[in-house]
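S.K.: Below you will find the structure I want to go over with you.
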Amino acid sequence: MIKVENLDITFGGGAQRVHAVRDVSFTVASGESFGLVGESGSGKSTVLRAIAGLTPGWRGTMTVAGQTLSQRRDRAFHKQLQMVFQDPYGSLHPRHTVNDILKEPLVIHRMDDGERRILRALDEVGLGPAYRFRYPHQLSGGQRQRIAIARALILDPKIVLLDEPTSALDVSVQAEILNLLSRLAREHDLTYIMVSHDLAIVAHLCSRIAVMNRGAFIEEMSDEQLRTGTPEHGYTRQLLVASKGYDRAAIDQFVEFD
Amino acid sequence: MDKPLLNVENLSVSFDTPKGVVEAVRGISFQVGQERLGIVGESGSGKSQTGRAILGLTPGRVEADRIEFDGINLHKAPARTIRAIRGRRISMIMQDPRYSLNPVMTVGWQIAEAYRVHTNATKREAKQHALDMLTTVRIREPEKVYGLYPHQVSGGMGQRIMIAMMLIPGPDLIIADEPTSALDVTVQLQVLAILDDMVRDRGMGLIFISHDLHLVSSFCDRILVMYGGQIMEVLEAGALDQAEHPYTKGLLNCLPDIDRQQGTLPVLRRDDAWMNRKGGAGGDVP
């Protein structure tokens with residue numbers, strides 16, 4: 001479904017030059033959930049944004065659903081690939097009602113039957129028609145993220161890119177959103193690429209996981225390998241130890257990876 | 001526990017809003033000794049307001065039978081007394097160093113200032129103390145870092161600088177409000193290790209406020225679980241599996257577990273009955 005080969009992205013020039021993504025290649029099959037894990041600055045979000053067409057100036061080859069991508073994307077591309085962002089407080093227009101927010105993609109893609117699609121999208125993310133004319137400030141964080149997911153799904157995309165979709169939410173709300181995402185993937189046969197810094201969340205939702213550090217892929221493994229604690233690379237093992245909580249002795253063993 | 005450092009009895013914090021009174025903290029009582037006490041809760045549970053109320057740093061209305069620190073009732077004490085204690089004997093580490101450091105002064109100057117305000121030290125002595133402190137929080141090349149501005153340091157280093165600044169007057173009690181939530185996991189643990197060592201070596205008390213139940217239980221000696229401005233449960237560290245309150249259990253269950261495959265995560269069911277426990281002011285809030 002998605003094939004990325006030798007993706008390379010740099011920002012700026014001269015002394016300010018940042019090599020954000022270094023020669024990254026991976027494939028994601030149709031209906032699969034693929035996870036990208038790494039610490040801040042590892043380039044995981046940049047990879048996602050490059051696929052979505054939000055990062056100009058990338059080098060390499062990217063193919064989505066059989067089509068080789070150029071720097072510019074047409075409307076048909078965006079109809080099959082949508083994105084959910086990290087911060088539901090920042091990604092919804094504060095002066096637009098839920099109805100306006102959900103209607104906008106329909107207008108852009110000239111889709112008819114808006115009324116029915118909006119109500120169905122609200123229903124699918126577990127919010128009733130009562131939420132249709134509310135403003136974002138009248139919603140909780142979890143409800144806002146549901147609206148952001150509804151906005152992504154209203155075009156019936158095949159692929160959804162998830163950029164830390166639960167990191168701004170409380171853990172109890174996070175569980176609800178993760179359950180919603182799993183259910184939607186099943187019902188709509190969606191392909192996900194999820195970016196997160198949390199190994200447990202990625203292992204929960206994704207069947208294949210790539211670990212990134214300083215712009216490059218360190219290793220790729222199945223959720224089973226991560227779960228049984230058998231990653232090969234020291235960096236992944238260190239992340240795994242760190243995600244299990246505070247252990248004074250283990251912390252002294254931490255090293256920097258380049 | 002020997003004589004507690006801090007004794008809080010029946011603390012409430014409320015806010016007047018156009019929609020009526022919001023009770024952020026509802027009559028909670030607890031004690032802190034020379035230990036690491038964790039306060040855990042979700043957003044809106046009142047955990048941060050509890051930490052701020054101790055130092056009189058909340059704009060809300062604070063009511064308490066007593067907030068006693070070393071024989072002084074902080075709740076009734078005059079502002080002068082509080083000023084002598086705040087920063088000097090009880091200090092607070094905030095969440096994000098980018099917002100709590102002064103952007104137009106070098107970090108070294110800010111650390112030295114924290115020392116000079118609370119002692120009669122000269123500039124030179126203060127600088128020497130600040131440099132020593134930077135070494136203590138394991139910053140390489142303290143001389144170089146001393147002259148940097150906050151935007152020139154990373155998040156992890158910024159938080160170590162905050163810790164250095166808060167510890168330099170030698171406080172007896174530290175209140176840390178989500179001190180590492182903005183950091184990557186490995187950096188987070190390294191910063192906590194520094195805090196941990198200092199608390200242990202100097203015999204200080206630490207109140208560690210966080211939303212991360214697993215982190216707190218692996219780091220602290222004792223945990224207060226808060227919900228809706230009340231204490232739901234007090235747990236010994238490492239005894240999370242013996243948690244009895246349905247809220248604590250619900251919080252634990254809804255976290256994805258890296259060790260096993262779960263199809264659907266259990267979702268926390270909230271119960272209105274949790275809101276009317278002992279000391280609760282009653283059902284006057286919607």
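How things are named: the first chain in the structure tokens is A, the next is B, and so on; residues count from 1 in each chain; ligands count from 1 in the order shown.
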Could you find all residues in region 81-154 of chain B that DSSP calls strand (DSSP E or B) from the backbone, and write them as a VMD selection string?
M.R.: chain B and resid 86 90 to 93
S.K.: Would you list the contacts of Phe11 (chain A) as a list of chain:residue names, taking every protein, DNA or RNA residue within 12 Å and counting only C-alpha atoms, but skipping same-chain residues closer than 4 positions in sequence?
M.R.: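 Returned residues: A:Ala15, A:Gln16, A:Arg17, A:Val18, A:His19, A:Ala20, A:Val21, A:Arg22, A:Gly43, A:Thr46, A:Thr55, A:Pro56, A:Gly57, A:Trp58, A:Arg59.
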S.K.: May I ask you to extract the residues of chain A within 9 Å of chain B, using only C-alpha atoms, and to give them as number ranges by chain?
M.R.: A: 39-40, 169-176, 178-179, 182-183, 197-204, 223-224, 226-229, 238-239, 241-248, 251-252, 254
S.K.: Name the residues of region 23-229 of chain B that fall into helix (DSSP H, G or I) according to DSSP on the backbone, using the chain letters and numbers of this document, as an NGL selection string.
M.R.: :B and (47-54 or 79-85 or 97-100 or 107-118 or 123-136 or 142-146 or 150-152 or 155-167 or 185-202 or 213-219)
S.K.: Please indicate the distance in Å from CA of Arg80 (chain B) to CA of Val117 (chain B), rounded to one decimal place.
M.R.: 14.2 Å
S.K.: Which residue, A:Pro129, A:Gly66, A:Pro136, A:Gly31, has the smallest gap to Ala185 (chain A) when you use only C-alpha atoms?
M.R.: A:Gly31
S.K.: If you measure from CA of Ala53 (chain B) to CA of Met204 (chain B), what distance in Å do you get, rounded to one decimal?
M.R.: 19.7 Å
S.K.: Please provide as a count of residues only all residues within 12 Å of Gly128 (chain A), with the sequence filter that same-chain residues fewer than 4 positions apart are discarded (counting only C-alpha atoms).
M.R.: 15
S.K.: Hey, which of A:His137, A:Arg151, A:His78, A:Arg72 ends up closest to Glu104 (chain A)? Count only C-alpha atoms.
M.R.: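 Residue with the minimum atom-to-atom distance to Glu104 (chain A): A:Arg151.
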S.K.: Got a sec: who's within 8 Å of Lys103 (chain A), counting only C-alpha atoms, leaving out chain neighbours fewer than 4 positions off, as a ChimeraX atom specification?
M.R.: /A:99,107,114,118
S.K.: Excluding region 187-193 of chain A and its own-chain neighbours fewer than 4 positions away, which residues fall within 6 Å of it when counting only C-alpha atoms? Please give them as a compact mmCIF listing (two decimals) with C-alpha atoms, in the first residue's frame.
M.R.:
# COMPACT_ATOMS: atom_id res chain seq x y z
CA SER A 30 -2.80 -2.87 2.94
CA GLY A 31 -4.75 -3.13 6.20
CA GLU A 32 -1.59 -3.18 8.26
CA SER A 33 -0.77 -0.89 11.21
CA PHE A 34 2.80 0.30 11.16
CA GLY A 35 4.38 2.11 14.10
CA LYS A 158 -7.78 3.98 2.78
CA ILE A 159 -4.84 5.26 4.79
CA VAL A 160 -4.80 7.28 8.01
CA LEU A 161 -1.60 8.79 9.38
S.K.: Work out how far CA of Val234 (chain B) is from CA of Ile209 (chain B), in Å to one decimal.
M.R.: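 Here the two named atoms are 14.0 Å from each other.
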S.K.: Would you list the contacts of region 89-97 of chain B as a PyMOL selection string, taking every protein, DNA or RNA residue within 6 Å and counting only C-alpha atoms, but skipping same-chain residues closer than 6 positions in sequence?
M.R.: chain B and resi 158-159+166+171-179
S.K.: May I have the residues from that selection written out with N, CA and C atoms, as a PDB file, in the first residue's frame?
M.R.:
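New file result-v4.pdb:
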ATOM      1  N   GLY B 158      17.799  21.975  30.664  1.00  0.00           N
ATOM      2  CA  GLY B 158      17.002  23.035  31.278  1.00  0.00           C
ATOM      3  C   GLY B 158      16.395  22.571  32.593  1.00  0.00           C
ATOM      4  N   GLN B 159      15.903  21.347  32.607  1.00  0.00           N
ATOM      5  CA  GLN B 159      15.277  20.868  33.830  1.00  0.00           C
ATOM      6  C   GLN B 159      16.325  20.607  34.905  1.00  0.00           C
ATOM      7  N   MET B 166      16.614  25.338  42.312  1.00  0.00           N
ATOM      8  CA  MET B 166      15.720  25.102  43.434  1.00  0.00           C
ATOM      9  C   MET B 166      16.451  24.506  44.637  1.00  0.00           C
ATOM     10  N   PRO B 171      16.867  23.630  50.507  1.00  0.00           N
ATOM     11  CA  PRO B 171      15.537  23.523  51.110  1.00  0.00           C
ATOM     12  C   PRO B 171      15.340  22.204  51.860  1.00  0.00           C
ATOM     13  N   ASP B 172      14.329  22.179  52.745  1.00  0.00           N
ATOM     14  CA  ASP B 172      14.004  20.954  53.470  1.00  0.00           C
ATOM     15  C   ASP B 172      12.971  20.138  52.709  1.00  0.00           C
ATOM     16  N   LEU B 173      12.186  20.849  51.885  1.00  0.00           N
ATOM     17  CA  LEU B 173      11.097  20.172  51.180  1.00  0.00           C
ATOM     18  C   LEU B 173      11.037  20.710  49.753  1.00  0.00           C
ATOM     19  N   ILE B 174      10.882  19.807  48.791  1.00  0.00           N
ATOM     20  CA  ILE B 174      10.754  20.217  47.396  1.00  0.00           C
ATOM     21  C   ILE B 174       9.408  19.744  46.872  1.00  0.00           C
ATOM     22  N   ILE B 175       8.718  20.639  46.189  1.00  0.00           N
ATOM     23  CA  ILE B 175       7.484  20.256  45.520  1.00  0.00           C
ATOM     24  C   ILE B 175       7.784  20.260  44.027  1.00  0.00           C
ATOM     25  N   ALA B 176       7.680  19.101  43.387  1.00  0.00           N
ATOM     26  CA  ALA B 176       7.991  19.006  41.965  1.00  0.00           C
ATOM     27  C   ALA B 176       6.709  18.694  41.207  1.00  0.00           C
ATOM     28  N   ASP B 177       6.274  19.652  40.387  1.00  0.00           N
ATOM     29  CA  ASP B 177       4.998  19.498  39.685  1.00  0.00           C
ATOM     30  C   ASP B 177       5.269  19.045  38.250  1.00  0.00           C
ATOM     31  N   GLU B 178       5.076  17.779  37.979  1.00  0.00           N
ATOM     32  CA  GLU B 178       5.347  17.189  36.660  1.00  0.00           C
ATOM     33  C   GLU B 178       6.727  17.637  36.145  1.00  0.00           C
ATOM     34  N   PRO B 179       7.791  17.423  36.937  1.00  0.00           N
ATOM     35  CA  PRO B 179       9.076  18.019  36.562  1.00  0.00           C
ATOM     36  C   PRO B 179       9.669  17.441  35.288  1.00  0.00           C
TER      37      PRO B 179
END
S.K.: Mind checking which residues fall within 7 Å of Ile209 (chain A), counting only C-alpha atoms, ignoring those fewer than 2 positions away in the same chain, and posting them as a list in words?
M.R.: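 My reading of the contact set: Phe34, Gly35, Leu36, Cys206, Ser207, Val211, Glu220, Met221, Ser222 and Asp223 of chain A.
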S.K.: A:Arg208, A:Arg186, A:Lys3, A:Lys44: which is nearest Leu69 (chain A), counting only C-alpha atoms?
M.R.: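 Nearest candidate to Leu69 (chain A) out of A:Arg208, A:Arg186, A:Lys3, A:Lys44: A:Lys3.
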